[in-house]
>>> print(open('final-v1.cif').read())   # mmCIF, C-alpha atoms and all ligand atoms
data_entry
loop_
_atom_site.label_atom_id
_atom_site.label_comp_id
_atom_site.auth_asym_id
_atom_site.auth_seq_id
_atom_site.Cartn_x
_atom_site.Cartn_y
_atom_site.Cartn_z
CA MET A 1 7.63 76.53 60.57
CA ALA A 2 4.56 76.63 58.37
CA VAL A 3 1.61 74.55 57.32
CA PHE A 4 0.75 73.96 53.68
CA LEU A 5 -2.91 73.64 52.67
CA ASP A 6 -4.54 72.43 49.51
CA GLN A 7 -8.05 71.60 48.40
CA ILE A 8 -8.54 68.04 47.18
CA HIS A 9 -12.05 66.76 46.76
CA ARG A 10 -11.59 63.10 45.90
CA TYR A 11 -9.31 60.23 46.80
CA ASP A 12 -7.32 60.33 43.59
CA VAL A 13 -3.77 59.20 44.33
CA GLY A 14 -2.29 61.27 41.48
CA GLU A 15 -3.93 64.48 42.70
CA ILE A 16 -2.96 63.85 46.31
CA GLU A 17 0.60 63.02 45.33
CA ALA A 18 0.90 66.24 43.31
CA ALA A 19 -0.44 68.29 46.26
CA LEU A 20 1.93 66.54 48.63
CA ARG A 21 4.88 67.37 46.41
CA ARG A 22 3.82 71.02 46.32
CA GLY A 23 3.57 70.99 50.11
CA ILE A 24 6.96 69.40 50.61
CA GLU A 25 8.54 71.92 48.28
CA ALA A 26 6.74 74.89 49.86
CA LEU A 27 7.86 73.84 53.34
CA GLY A 28 11.42 73.11 52.21
CA VAL A 29 11.35 69.54 53.54
CA ASP A 30 14.51 67.70 52.50
CA LEU A 31 13.88 63.99 51.87
CA GLY A 32 17.37 63.44 50.44
CA GLY A 33 19.77 60.91 51.93
CA LYS A 34 17.08 58.94 53.77
CA ARG A 35 16.72 55.20 53.35
CA THR A 36 14.03 54.12 55.80
CA ALA A 37 10.66 55.55 56.79
CA VAL A 38 7.75 54.62 59.01
CA ILE A 39 4.26 55.91 58.25
CA LYS A 40 1.58 55.99 60.93
CA PRO A 41 -1.99 56.32 59.70
CA ASN A 42 -4.98 56.32 62.05
CA LEU A 43 -6.35 52.75 61.92
CA VAL A 44 -8.30 52.69 65.16
CA ILE A 45 -10.71 49.87 64.23
CA ALA A 46 -11.51 47.54 61.33
CA ALA A 47 -13.53 50.06 59.32
CA ALA A 48 -13.69 50.57 55.56
CA PRO A 49 -12.05 53.76 54.27
CA LYS A 50 -15.41 55.19 53.14
CA THR A 51 -16.53 55.44 56.80
CA ALA A 52 -13.93 58.19 57.36
CA ILE A 53 -13.01 56.58 60.68
CA VAL A 54 -9.56 55.66 59.37
CA THR A 55 -6.92 57.39 57.27
CA HIS A 56 -7.75 56.69 53.63
CA PRO A 57 -5.20 54.38 51.95
CA ALA A 58 -5.10 56.66 48.89
CA VAL A 59 -3.38 59.33 51.02
CA VAL A 60 -0.84 56.85 52.37
CA THR A 61 -0.27 55.50 48.84
CA ALA A 62 0.58 59.03 47.73
CA VAL A 63 2.97 59.40 50.69
CA VAL A 64 4.68 56.09 49.79
CA ARG A 65 5.08 57.15 46.16
CA VAL A 66 6.67 60.47 47.13
CA LEU A 67 9.06 58.78 49.58
CA ARG A 68 10.03 56.13 47.03
CA ALA A 69 10.69 58.76 44.40
CA ALA A 70 12.98 60.47 46.92
CA GLY A 71 15.01 57.25 47.23
CA ILE A 72 13.57 55.87 50.47
CA GLU A 73 13.61 52.13 49.95
CA ARG A 74 12.39 50.57 53.13
CA ILE A 75 8.97 51.80 54.19
CA THR A 76 6.87 50.44 57.05
CA ILE A 77 3.25 51.31 57.78
CA ALA A 78 2.58 50.92 61.50
CA ASP A 79 -0.28 51.36 63.93
CA GLY A 80 -1.54 49.87 67.17
CA PRO A 81 -5.34 49.46 66.92
CA GLY A 82 -7.60 49.03 69.96
CA VAL A 83 -7.24 46.25 72.50
CA GLY A 84 -8.75 42.87 71.65
CA LEU A 85 -9.05 43.68 67.96
CA ASP A 86 -7.80 41.32 65.31
CA VAL A 87 -5.04 43.53 63.92
CA ASP A 88 -4.76 41.50 60.71
CA GLU A 89 -8.43 42.19 60.12
CA VAL A 90 -7.93 45.88 60.88
CA PHE A 91 -5.16 46.10 58.27
CA ARG A 92 -7.27 44.12 55.78
CA LYS A 93 -10.58 45.92 56.22
CA THR A 94 -9.01 49.37 56.11
CA GLY A 95 -7.36 48.52 52.78
CA TYR A 96 -3.77 48.40 54.02
CA VAL A 97 -3.05 44.73 53.28
CA ALA A 98 -3.87 45.38 49.62
CA LEU A 99 -1.84 48.59 49.68
CA ALA A 100 1.19 46.86 51.24
CA GLY A 101 1.05 44.06 48.65
CA GLU A 102 0.79 46.51 45.77
CA LEU A 103 3.54 48.86 46.91
CA GLY A 104 5.89 46.37 48.55
CA VAL A 105 5.84 48.00 51.99
CA GLU A 106 5.75 46.29 55.38
CA LEU A 107 2.92 46.38 57.93
CA LEU A 108 3.73 46.54 61.62
CA ASN A 109 1.47 46.16 64.64
CA PHE A 110 2.72 48.69 67.23
CA ASN A 111 1.05 46.66 69.97
CA VAL A 112 3.79 44.03 69.65
CA ALA A 113 6.65 46.16 68.30
CA GLU A 114 10.09 46.19 69.89
CA ARG A 115 10.30 49.09 72.35
CA ARG A 116 12.87 51.16 74.19
CA GLU A 117 12.21 52.60 77.61
CA ARG A 118 12.45 56.38 77.60
CA GLU A 119 12.25 58.91 80.42
CA TRP A 120 9.19 61.08 80.42
CA LYS A 121 7.48 63.35 82.91
CA TYR A 122 5.79 60.44 84.68
CA GLY A 123 8.61 57.90 84.77
CA ARG A 124 9.43 55.61 81.89
CA LEU A 125 7.54 54.90 78.69
CA GLY A 126 8.11 52.34 75.92
CA VAL A 127 8.71 53.99 72.54
CA PRO A 128 8.74 51.77 69.43
CA ALA A 129 12.36 51.34 68.34
CA ILE A 130 11.36 51.76 64.71
CA LEU A 131 10.18 55.33 65.33
CA GLU A 132 13.60 56.25 66.66
CA ASP A 133 15.58 54.25 64.13
CA ALA A 134 13.80 55.18 60.91
CA ASP A 135 15.30 58.08 58.96
CA LEU A 136 11.84 59.59 58.67
CA TYR A 137 8.58 59.20 60.62
CA VAL A 138 5.46 60.41 58.81
CA ASN A 139 2.31 60.89 60.90
CA VAL A 140 -0.84 60.71 58.69
CA PRO A 141 -3.90 61.51 60.84
CA LYS A 142 -7.56 61.81 59.92
CA LEU A 143 -9.63 64.97 60.42
CA LYS A 144 -12.18 63.96 63.07
CA THR A 145 -14.03 65.28 66.09
CA HIS A 146 -13.55 63.60 69.46
CA GLY A 147 -15.78 63.45 72.53
CA TYR A 148 -12.90 63.97 74.99
CA THR A 149 -10.35 66.03 73.10
CA THR A 150 -12.63 68.00 70.70
CA VAL A 151 -10.46 67.00 67.73
CA THR A 152 -8.34 64.00 66.94
CA LEU A 153 -5.47 64.92 64.65
CA SER A 154 -1.75 64.21 64.69
CA ILE A 155 -1.03 64.54 68.45
CA LYS A 156 -3.84 62.12 69.24
CA ASN A 157 -2.76 59.86 66.38
CA HIS A 158 0.79 59.81 67.76
CA LYS A 159 -0.56 58.15 70.93
CA GLY A 160 -1.24 55.04 68.84
CA MET A 161 2.50 54.28 69.08
CA LEU A 162 2.07 53.21 72.72
CA SER A 163 1.74 49.66 73.96
CA GLU A 164 -1.71 48.54 75.09
CA GLU A 165 -0.66 48.86 78.74
CA ASP A 166 0.74 52.37 78.30
CA LYS A 167 -2.36 53.58 76.47
CA LYS A 168 -4.23 53.25 79.76
CA LEU A 169 -1.89 55.71 81.45
CA ASP A 170 -4.14 58.64 80.64
CA HIS A 171 -6.60 57.13 83.09
CA HIS A 172 -4.16 57.51 85.96
CA LEU A 173 -2.43 60.68 84.83
CA GLY A 174 -5.23 62.79 83.38
CA LEU A 175 -6.24 63.05 79.79
CA HIS A 176 -4.61 66.04 78.15
CA GLU A 177 -1.15 66.46 79.65
CA PRO A 178 0.01 62.92 78.89
CA LEU A 179 -0.90 63.47 75.23
CA VAL A 180 1.40 66.48 75.19
CA GLU A 181 4.19 64.64 77.01
CA GLN A 182 3.92 61.73 74.55
CA ALA A 183 4.19 64.20 71.69
CA LYS A 184 7.65 65.16 72.96
CA LEU A 185 8.91 61.61 72.39
CA ALA A 186 9.95 60.59 68.85
CA PRO A 187 8.06 63.38 67.05
CA PRO A 188 7.50 62.99 63.29
CA GLY A 189 9.50 64.76 60.61
CA LEU A 190 6.48 65.09 58.35
CA VAL A 191 2.74 65.29 59.03
CA VAL A 192 0.13 64.78 56.30
CA LEU A 193 -3.50 65.34 57.24
CA ASP A 194 -6.24 63.42 55.47
CA GLY A 195 -9.11 65.90 55.64
CA ILE A 196 -10.56 65.10 52.24
CA VAL A 197 -13.51 63.45 53.95
CA GLY A 198 -13.56 63.87 57.73
CA LEU A 199 -15.81 62.74 60.57
CA GLU A 200 -18.03 65.13 62.55
CA GLY A 201 -20.34 64.77 65.53
CA ASP A 202 -19.83 61.72 67.67
CA GLY A 203 -16.22 61.04 66.70
CA PRO A 204 -13.84 59.36 66.66
CA LEU A 205 -15.90 56.25 65.84
CA ASN A 206 -19.59 57.03 65.57
CA GLY A 207 -19.75 60.36 63.80
CA LYS A 208 -21.01 61.32 60.35
CA THR A 209 -18.81 61.69 57.31
CA LYS A 210 -18.09 65.26 56.28
CA ARG A 211 -16.71 66.27 52.90
CA ALA A 212 -14.07 68.85 53.79
CA GLY A 213 -11.70 68.73 50.79
CA ILE A 214 -8.63 69.46 52.95
CA LEU A 215 -5.12 68.14 52.58
CA ALA A 216 -2.61 69.67 54.98
CA VAL A 217 1.13 69.13 55.18
CA GLY A 218 3.40 70.22 58.01
CA THR A 219 6.49 69.35 59.97
CA ASN A 220 5.15 70.11 63.43
CA MET A 221 2.23 68.25 65.02
CA LEU A 222 0.90 71.14 67.11
CA GLU A 223 0.95 73.59 64.23
CA LEU A 224 -0.81 71.18 61.92
CA ASP A 225 -3.39 70.32 64.58
CA ALA A 226 -4.09 73.98 65.35
CA THR A 227 -4.64 74.59 61.65
CA GLY A 228 -6.86 71.51 61.28
CA ALA A 229 -8.92 72.53 64.32
CA ARG A 230 -9.44 76.06 62.91
CA LEU A 231 -10.56 74.67 59.57
CA MET A 232 -13.15 72.59 61.46
CA GLY A 233 -14.45 75.78 63.09
CA PHE A 234 -12.85 75.30 66.53
CA ASP A 235 -10.61 77.74 68.38
CA PRO A 236 -7.38 75.81 69.11
CA ARG A 237 -6.83 77.92 72.26
CA GLU A 238 -9.94 76.32 73.71
CA ILE A 239 -8.74 72.80 73.03
CA THR A 240 -6.98 71.80 76.22
CA HIS A 241 -4.20 69.58 74.92
CA LEU A 242 -3.33 72.04 72.13
CA ALA A 243 -3.19 74.98 74.56
CA ILE A 244 -0.95 72.95 76.92
CA ALA A 245 1.27 71.91 74.01
CA GLU A 246 1.88 75.55 73.10
CA ARG A 247 2.71 76.40 76.73
CA GLU A 248 5.12 73.47 76.77
CA GLY A 249 6.97 74.88 73.76
CA LEU A 250 5.90 72.32 71.16
CA GLY A 251 5.16 75.03 68.60
CA THR A 252 2.71 77.83 67.98
CA LEU A 253 -1.05 77.81 67.63
CA ASP A 254 -0.70 80.48 64.93
CA PRO A 255 1.65 79.04 62.32
CA GLU A 256 2.33 80.68 59.00
CA ILE A 257 -0.01 79.24 56.37
CA THR A 258 0.95 78.65 52.78
CA GLY A 259 -1.66 77.57 50.21
CA THR A 260 -5.37 77.69 50.91
CA ALA A 261 -8.28 75.58 52.06
CA GLU A 262 -11.78 76.66 52.97
CA GLU A 263 -13.03 76.41 56.53
CA VAL A 264 -15.69 73.70 56.82
CA ARG A 265 -17.59 73.83 60.11
CA PHE A 266 -17.67 70.46 61.85
CA GLU A 267 -20.43 69.63 64.28
CA PRO A 268 -18.66 68.99 67.62
CA ALA A 269 -19.13 65.82 69.65
CA ASN A 270 -21.49 66.09 72.60
CA GLU A 271 -19.28 66.44 75.69
CA GLU A 272 -21.66 64.63 78.02
CA TYR A 273 -22.37 61.53 76.01
CA GLY A 274 -22.17 59.89 72.60
CA ARG A 275 -25.38 58.50 71.20
CA VAL A 276 -26.28 56.00 68.52
CA MET A 277 -30.06 55.58 68.38
CA ASN A 278 -31.07 55.02 72.05
CA ILE A 279 -27.66 53.75 73.10
CA TYR A 280 -25.83 56.40 75.15
CA SER A 281 -22.15 56.24 76.05
CA TRP A 282 -21.55 58.63 78.94
CA ARG A 283 -18.23 60.39 79.01
CA ASP A 284 -16.05 60.54 82.10
CA CYS A 285 -12.68 62.24 81.77
CA THR A 286 -11.17 59.74 84.26
CA ALA A 287 -11.72 57.01 81.64
CA CYS A 288 -8.92 56.44 79.18
CA SER A 289 -11.34 56.01 76.27
CA MET A 290 -10.16 52.45 75.60
CA CYS A 291 -13.26 50.99 77.25
CA ILE A 292 -15.65 52.81 74.98
CA ASP A 293 -13.48 52.04 71.96
CA SER A 294 -13.73 48.36 72.96
CA PHE A 295 -17.49 48.65 73.30
CA SER A 296 -17.76 50.14 69.82
CA ALA A 297 -15.42 47.46 68.50
CA GLY A 298 -17.65 44.80 70.14
CA VAL A 299 -20.73 46.22 68.39
CA HIS A 300 -18.87 46.35 65.07
CA LEU A 301 -17.82 42.74 65.64
CA ALA A 302 -21.43 41.68 66.28
CA ILE A 303 -22.55 43.32 63.06
CA ARG A 304 -19.88 41.55 61.02
CA ASP A 305 -19.83 38.10 62.62
CA PRO A 306 -22.76 35.87 61.50
CA ARG A 307 -22.81 34.08 64.85
CA TYR A 308 -24.26 37.25 66.42
CA TRP A 309 -26.79 38.08 63.70
CA PHE A 310 -29.62 36.16 65.39
CA THR A 311 -28.37 36.27 68.98
CA LEU A 312 -27.06 39.76 69.70
CA VAL A 313 -27.92 42.06 66.80
CA PRO A 314 -31.72 41.78 67.40
CA LYS A 315 -31.14 42.72 71.06
CA LEU A 316 -29.09 45.74 70.06
CA LEU A 317 -31.79 46.78 67.60
CA TYR A 318 -34.42 46.40 70.30
CA TRP A 319 -32.47 48.57 72.75
CA GLY A 320 -31.53 51.02 70.01
CA PHE A 321 -35.10 51.57 68.80
CA PHE A 322 -37.41 50.83 71.75
CA GLY A 323 -35.33 50.79 74.95
CA LYS A 324 -32.58 52.93 76.39
CA LEU A 325 -29.10 51.64 77.09
CA HIS A 326 -26.53 53.62 79.07
CA ILE A 327 -22.85 52.70 78.87
CA ILE A 328 -20.68 54.11 81.66
CA GLN A 329 -16.93 53.96 82.21
CA GLY A 330 -14.13 55.52 84.22
CA ARG A 331 -13.19 55.78 87.90
CA GLU A 332 -15.74 58.50 88.59
CA ALA A 333 -18.56 57.07 86.51
CA LYS A 334 -22.05 57.90 87.75
CA VAL A 335 -25.31 56.12 87.12
CA PRO A 336 -27.34 58.40 84.81
CA SER A 337 -30.62 59.60 86.22
CA ALA A 338 -32.44 58.83 82.96
CA ASP A 339 -34.40 55.57 82.74
CA GLY A 340 -33.02 52.54 80.90
CA ARG A 341 -30.52 49.76 81.48
CA VAL A 342 -26.98 50.57 82.57
CA ILE A 343 -23.82 48.71 81.53
CA CYS A 344 -20.59 49.31 83.46
CA LEU A 345 -17.45 48.95 81.38
CA GLY A 346 -14.08 47.84 82.66
CA LYS A 347 -12.41 47.37 86.01
CA CYS A 348 -12.78 51.07 86.85
CA THR A 349 -16.53 50.55 87.31
CA ARG A 350 -16.43 47.19 89.09
CA ASP A 351 -17.20 48.54 92.58
CA LEU A 352 -19.99 50.74 91.30
CA ALA A 353 -21.53 47.82 89.42
CA GLU A 354 -21.36 45.62 92.53
CA ARG A 355 -22.85 48.31 94.72
CA GLU A 356 -25.70 49.09 92.36
CA GLY A 357 -26.26 45.55 91.04
CA LEU A 358 -25.55 46.58 87.43
CA ILE A 359 -24.31 44.57 84.45
CA HIS A 360 -20.53 44.69 84.47
CA PHE A 361 -18.06 43.93 81.67
CA PRO A 362 -14.74 43.02 83.31
CA GLY A 363 -11.35 43.73 81.77
CA CYS A 364 -9.10 46.70 81.37
CA PRO A 365 -10.44 47.23 78.83
CA PRO A 366 -12.82 44.36 78.04
CA SER A 367 -11.89 42.86 74.68
CA ALA A 368 -14.24 43.38 71.72
CA ARG A 369 -15.08 39.66 71.82
CA ASP A 370 -15.85 39.79 75.55
CA VAL A 371 -18.09 42.80 74.98
CA ALA A 372 -20.05 40.94 72.29
CA GLU A 373 -20.28 37.76 74.38
CA THR A 374 -21.33 39.54 77.58
CA MET A 375 -24.00 41.49 75.76
CA ARG A 376 -25.25 38.31 74.10
CA ARG A 377 -25.64 36.63 77.49
CA LYS A 378 -26.75 39.48 79.72
CA LEU A 379 -28.78 41.94 77.68
S1 LIG B 401 -11.06 49.97 82.93
FE1 LIG B 401 -11.34 51.00 80.98
S2 LIG B 401 -11.31 53.19 81.45
FE2 LIG B 401 -10.44 52.11 83.21
S3 LIG B 401 -8.22 52.10 82.80
FE3 LIG B 401 -9.04 50.16 82.03
S4 LIG B 401 -9.43 50.56 79.88
FE4 LIG B 401 -9.23 52.56 80.85
#
>>> encode(input="final-v1.cif", output="structure tokens")
Amino acid sequence: MAVFLDQIHRYDVGEIEAALRRGIEALGVDLGGKRTAVIKPNLVIAAAPKTAIVTHPAVVTAVVRVLRAAGIERITIADGPGVGLDVDEVFRKTGYVALAGELGVELLNFNVAERREREWKYGRLGVPAILEDADLYVNVPKLKTHGYTTVTLSIKNHKGMLSEEDKKLDHHLGLHEPLVEQAKLAPPGLVVLDGIVGLEGDGPLNGKTKRAGILAVGTNMLELDATGARLMGFDPREITHLAIAEREGLGTLDPEITGTAEEVRFEPANEEYGRVMNIYSWRDCTACSMCIDSFSAGVHLAIRDPRYWFTLVPKLLYWGFFGKLHIIQGREAKVPSADGRVICLGKCTRDLAEREGLIHFPGCPPSARDVAETMRRKL
């Protein structure tokens, strides 16, 4: 197998479509005889495409056009955004409602999709029926750094197929191996990486945009991810889930490359904590990352919802500029030694919060609305 690379510097659908066609031809992907397809972008929260937190709709539009031209009539765009988020709003804000209306494709929320139980290393796992039934599954990740997994590319994006309950499994099972085991179930036939503008630093939600000019096409998640990681300046052998995936036979970390793209060094995420102004989110690899995603979603909600503009946003600004706020999560969370106020997220930290008399946000994970409400009352 190989990975095709091209340099694209703007979100021009025509240019992306032409590059995609070149990639499909170079890799010898046969789209003939297929009638249905499901496309999975990364739509983790309700963020505008220009933030580079989500897969840009121009890339998915190009994918839809190529599939349609190949005779694929029924196309569904599916994702399962974070817990407690308004999924309609996620689809709208990221530009996918407009895209679906324009192109006549369907939108599906994986969180409520029909599932089939499948055997996996740890028992049984619900896989969306549509991923197994569609003639083609196209995974369209975003090029981003990640505080727990160094990079978030197609293997991490594939995890978005899980139900809300199953997404928490990483907490019980460890972080990296479950990602690899999930990648063995219903793998995509085509992977298209949106690296035109990526996200560096405190990804996957709070990083800085990075113009990378990369479009990559592949047929194997591991090989595309290894290539994406290298282009960001990381050694894929040092990225735990990628190294495990190679050992497990999911592909090679050194695929043949066709086409070219320049390496663009991405600033990695800090492994100890993420930081926005004086708000620190401490990492704990026993956390499944849904708690901190919910916290970020709660802050985003407060910024967008006028009812919090005079009640919560000033408090966040105060803590961000003049105070110090520490967010902790996970079964083995520790109270940071630095000064400031500590917030314990989720049921994993309940005992610690009780013992230490700290503010606690219940839930597994707390919903974005609960996060905003609890902060409004308790900060
Ligand atoms: S409490 Fe938070 S970190 Fe713990 S399992 Fe639930 S969502 Fe994951």
>>> residues_near_ligand(input="final-v1.cif", ligand="ligand LIG 401 (chain B)", cutoff="7 Å", atoms="only C-alpha atoms and all ligand atoms", output="PyMOL selection string")
chain A and resi 168+171+287-291+329-331+345-348+363-365
>>> closest_residue(input="final-v1.cif", among="A:Glu200, A:Thr311, A:Ala183, A:Gly340", to="Gly249 (chain A)", atoms="only C-alpha atoms")
A:Ala183
>>> closest_residue(input="final-v1.cif", among="A:Ile196, A:Gly28, A:Lys121, A:Pro128", to="Asp12 (chain A)", atoms="only C-alpha atoms")
A:Ile196
>>> residues_around(input="final-v1.cif", residues="Lys334 (chain A)", least_positions_apart="5", cutoff="10 Å", atoms="only C-alpha atoms", output="JSON list (two decimals) with C-alpha atoms, in the frame of the given file")
[["chain", "number", "residue", "atom", "x", "y", "z"],
["A", 282, "TRP", "CA", -21.55, 58.63, 78.94],
["A", 283, "ARG", "CA", -18.23, 60.39, 79.01],
["A", 284, "ASP", "CA", -16.05, 60.54, 82.10],
["A", 328, "ILE", "CA", -20.68, 54.11, 81.66],
["A", 329, "GLN", "CA", -16.93, 53.96, 82.21],
["A", 344, "CYS", "CA", -20.59, 49.31, 83.46],
["A", 349, "THR", "CA", -16.53, 50.55, 87.31],
["A", 352, "LEU", "CA", -19.99, 50.74, 91.30]]
>>> residues_near_point(input="final-v1.cif", point="(-11.6, 71.7, 61.5)", cutoff="9 Å", atoms="only C-alpha atoms", output="list of chain:residue names")
A:Leu143, A:Lys144, A:Thr145, A:Val151, A:Gly195, A:Gly198, A:Ala212, A:Asp225, A:Ala226, A:Thr227, A:Gly228, A:Ala229, A:Arg230, A:Leu231, A:Met232, A:Gly233, A:Phe234, A:Glu263, A:Val264, A:Arg265, A:Phe266
>>> closest_residue(input="final-v1.cif", among="A:Lys167, A:Lys156, A:His360, A:Arg237", to="Pro204 (chain A)", atoms="only C-alpha atoms")
A:Lys156
>>> closest_residue(input="final-v1.cif", among="A:Leu85, A:Met277, A:Ile359, A:Ile155", to="His176 (chain A)", atoms="only C-alpha atoms")
A:Ile155
>>> axis_aligned_box(input="final-v1.cif", around="region 57-73 of chain A", padding_each_side="5 Å", output="AutoDock Vina command-line options")
--center_x 4.9 --center_y 56.3 --center_z 48.4 --size_x 30.2 --size_y 18.3 --size_z 18.0
>>> closest_residue(input="final-v1.cif", among="A:Val64, A:Val192, A:Ala98, A:Leu107", to="Ser154 (chain A)", atoms="all atoms listed in the file")
A:Val192
>>> closest_residue(input="final-v1.cif", among="A:Arg376, A:His326, A:Thr61, A:Ile8", to="Phe310 (chain A)", atoms="only C-alpha atoms")
A:Arg376
>>> atom_distance(input="final-v1.cif", atom1="CA of Val38 (chain A)", atom2="CA of Gly189 (chain A)")
10.4 Å
>>> atom_distance(input="final-v1.cif", atom1="CA of Asn270 (chain A)", atom2="CA of Ile327 (chain A)")
14.8 Å
>>> residues_near_point(input="final-v1.cif", point="(0.3, 74.7, 77.0)", cutoff="12 Å", atoms="all atoms listed in the file", output="list in words")
His176, Glu177, Pro178, Leu179, Val180, Glu181, Leu222, Pro236, Arg237, Glu238, Ile239, Thr240, His241, Leu242, Ala243, Ile244, Ala245, Glu246, Arg247, Glu248, Gly249, Leu250, Gly251, Thr252 and Leu253 of chain A
>>> residues_around(input="final-v1.cif", residues="Glu119 (chain A)", least_positions_apart="6", cutoff="12 Å", atoms="only C-alpha atoms", output="ChimeraX atom specification")
/A:125-127,181-182,184-186
>>> residues_around(input="final-v1.cif", residues="Ile130 (chain A)", least_positions_apart="6", cutoff="10 Å", atoms="only C-alpha atoms", output="MDAnalysis selection string")
chainID A and resid 36:38 76 78 108 110 113:116 136:137 186
>>> atom_distance(input="final-v1.cif", atom1="CA of Ala69 (chain A)", atom2="CA of Leu31 (chain A)")
9.7 Å
>>> residues_around(input="final-v1.cif", residues="Phe295 (chain A)", least_positions_apart="3", cutoff="8 Å", atoms="all atoms listed in the file", output="list in words")
Cys291, Ile292, Gly298, Val299, Pro366, Ala368 and Val371 of chain A
>>> decode(input="final-v1.cif", residues="region 195-214 of chain A", atoms="N, CA and C atoms", output="short mmCIF file (atom, residue, chain, number, x, y, z; two decimals), in the first residue's frame")
data_model
loop_
_atom_site.label_atom_id
_atom_site.label_comp_id
_atom_site.auth_asym_id
_atom_site.auth_seq_id
_atom_site.Cartn_x
_atom_site.Cartn_y
_atom_site.Cartn_z
N GLY A 195 -5.03 18.33 5.86
CA GLY A 195 -3.91 18.97 6.53
C GLY A 195 -3.60 20.31 5.87
N ILE A 196 -4.60 20.87 5.24
CA ILE A 196 -4.39 22.16 4.55
C ILE A 196 -4.10 23.23 5.60
N VAL A 197 -4.96 23.30 6.60
CA VAL A 197 -4.65 24.07 7.81
C VAL A 197 -4.85 23.12 8.98
N GLY A 198 -3.82 22.90 9.77
CA GLY A 198 -3.91 21.99 10.90
C GLY A 198 -3.97 22.75 12.22
N LEU A 199 -3.82 21.99 13.31
CA LEU A 199 -3.87 22.59 14.65
C LEU A 199 -2.65 22.10 15.42
N GLU A 200 -1.85 23.03 15.96
CA GLU A 200 -0.65 22.65 16.71
C GLU A 200 -0.77 23.11 18.16
N GLY A 201 0.17 22.62 18.99
CA GLY A 201 0.15 23.01 20.39
C GLY A 201 -0.94 22.24 21.12
N ASP A 202 -1.74 22.96 21.87
CA ASP A 202 -2.68 22.31 22.78
C ASP A 202 -3.90 21.72 22.08
N GLY A 203 -3.64 20.81 21.13
CA GLY A 203 -4.76 20.12 20.47
C GLY A 203 -5.33 19.05 21.36
N PRO A 204 -6.49 18.53 21.05
CA PRO A 204 -7.19 18.71 19.78
C PRO A 204 -8.18 19.88 19.75
N LEU A 205 -8.33 20.62 20.87
CA LEU A 205 -9.36 21.66 20.88
C LEU A 205 -8.82 23.06 21.07
N ASN A 206 -7.70 23.20 21.77
CA ASN A 206 -7.27 24.54 22.17
C ASN A 206 -5.95 24.98 21.55
N GLY A 207 -5.57 24.34 20.46
CA GLY A 207 -4.29 24.68 19.85
C GLY A 207 -4.38 25.91 18.96
N LYS A 208 -3.29 26.12 18.21
CA LYS A 208 -3.23 27.26 17.28
C LYS A 208 -3.28 26.72 15.85
N THR A 209 -3.92 27.47 14.98
CA THR A 209 -3.98 27.01 13.58
C THR A 209 -2.58 27.03 12.97
N LYS A 210 -2.36 26.10 12.07
CA LYS A 210 -1.05 25.99 11.42
C LYS A 210 -1.27 25.71 9.94
N ARG A 211 -0.81 26.62 9.11
CA ARG A 211 -0.93 26.40 7.66
C ARG A 211 0.08 25.34 7.25
N ALA A 212 -0.39 24.20 6.82
CA ALA A 212 0.53 23.10 6.49
C ALA A 212 0.47 22.77 4.99
N GLY A 213 -0.64 23.05 4.33
CA GLY A 213 -0.74 22.83 2.88
C GLY A 213 -0.66 21.37 2.48
N ILE A 214 -1.16 20.47 3.34
CA ILE A 214 -1.03 19.03 3.07
C ILE A 214 -2.40 18.40 2.79
#
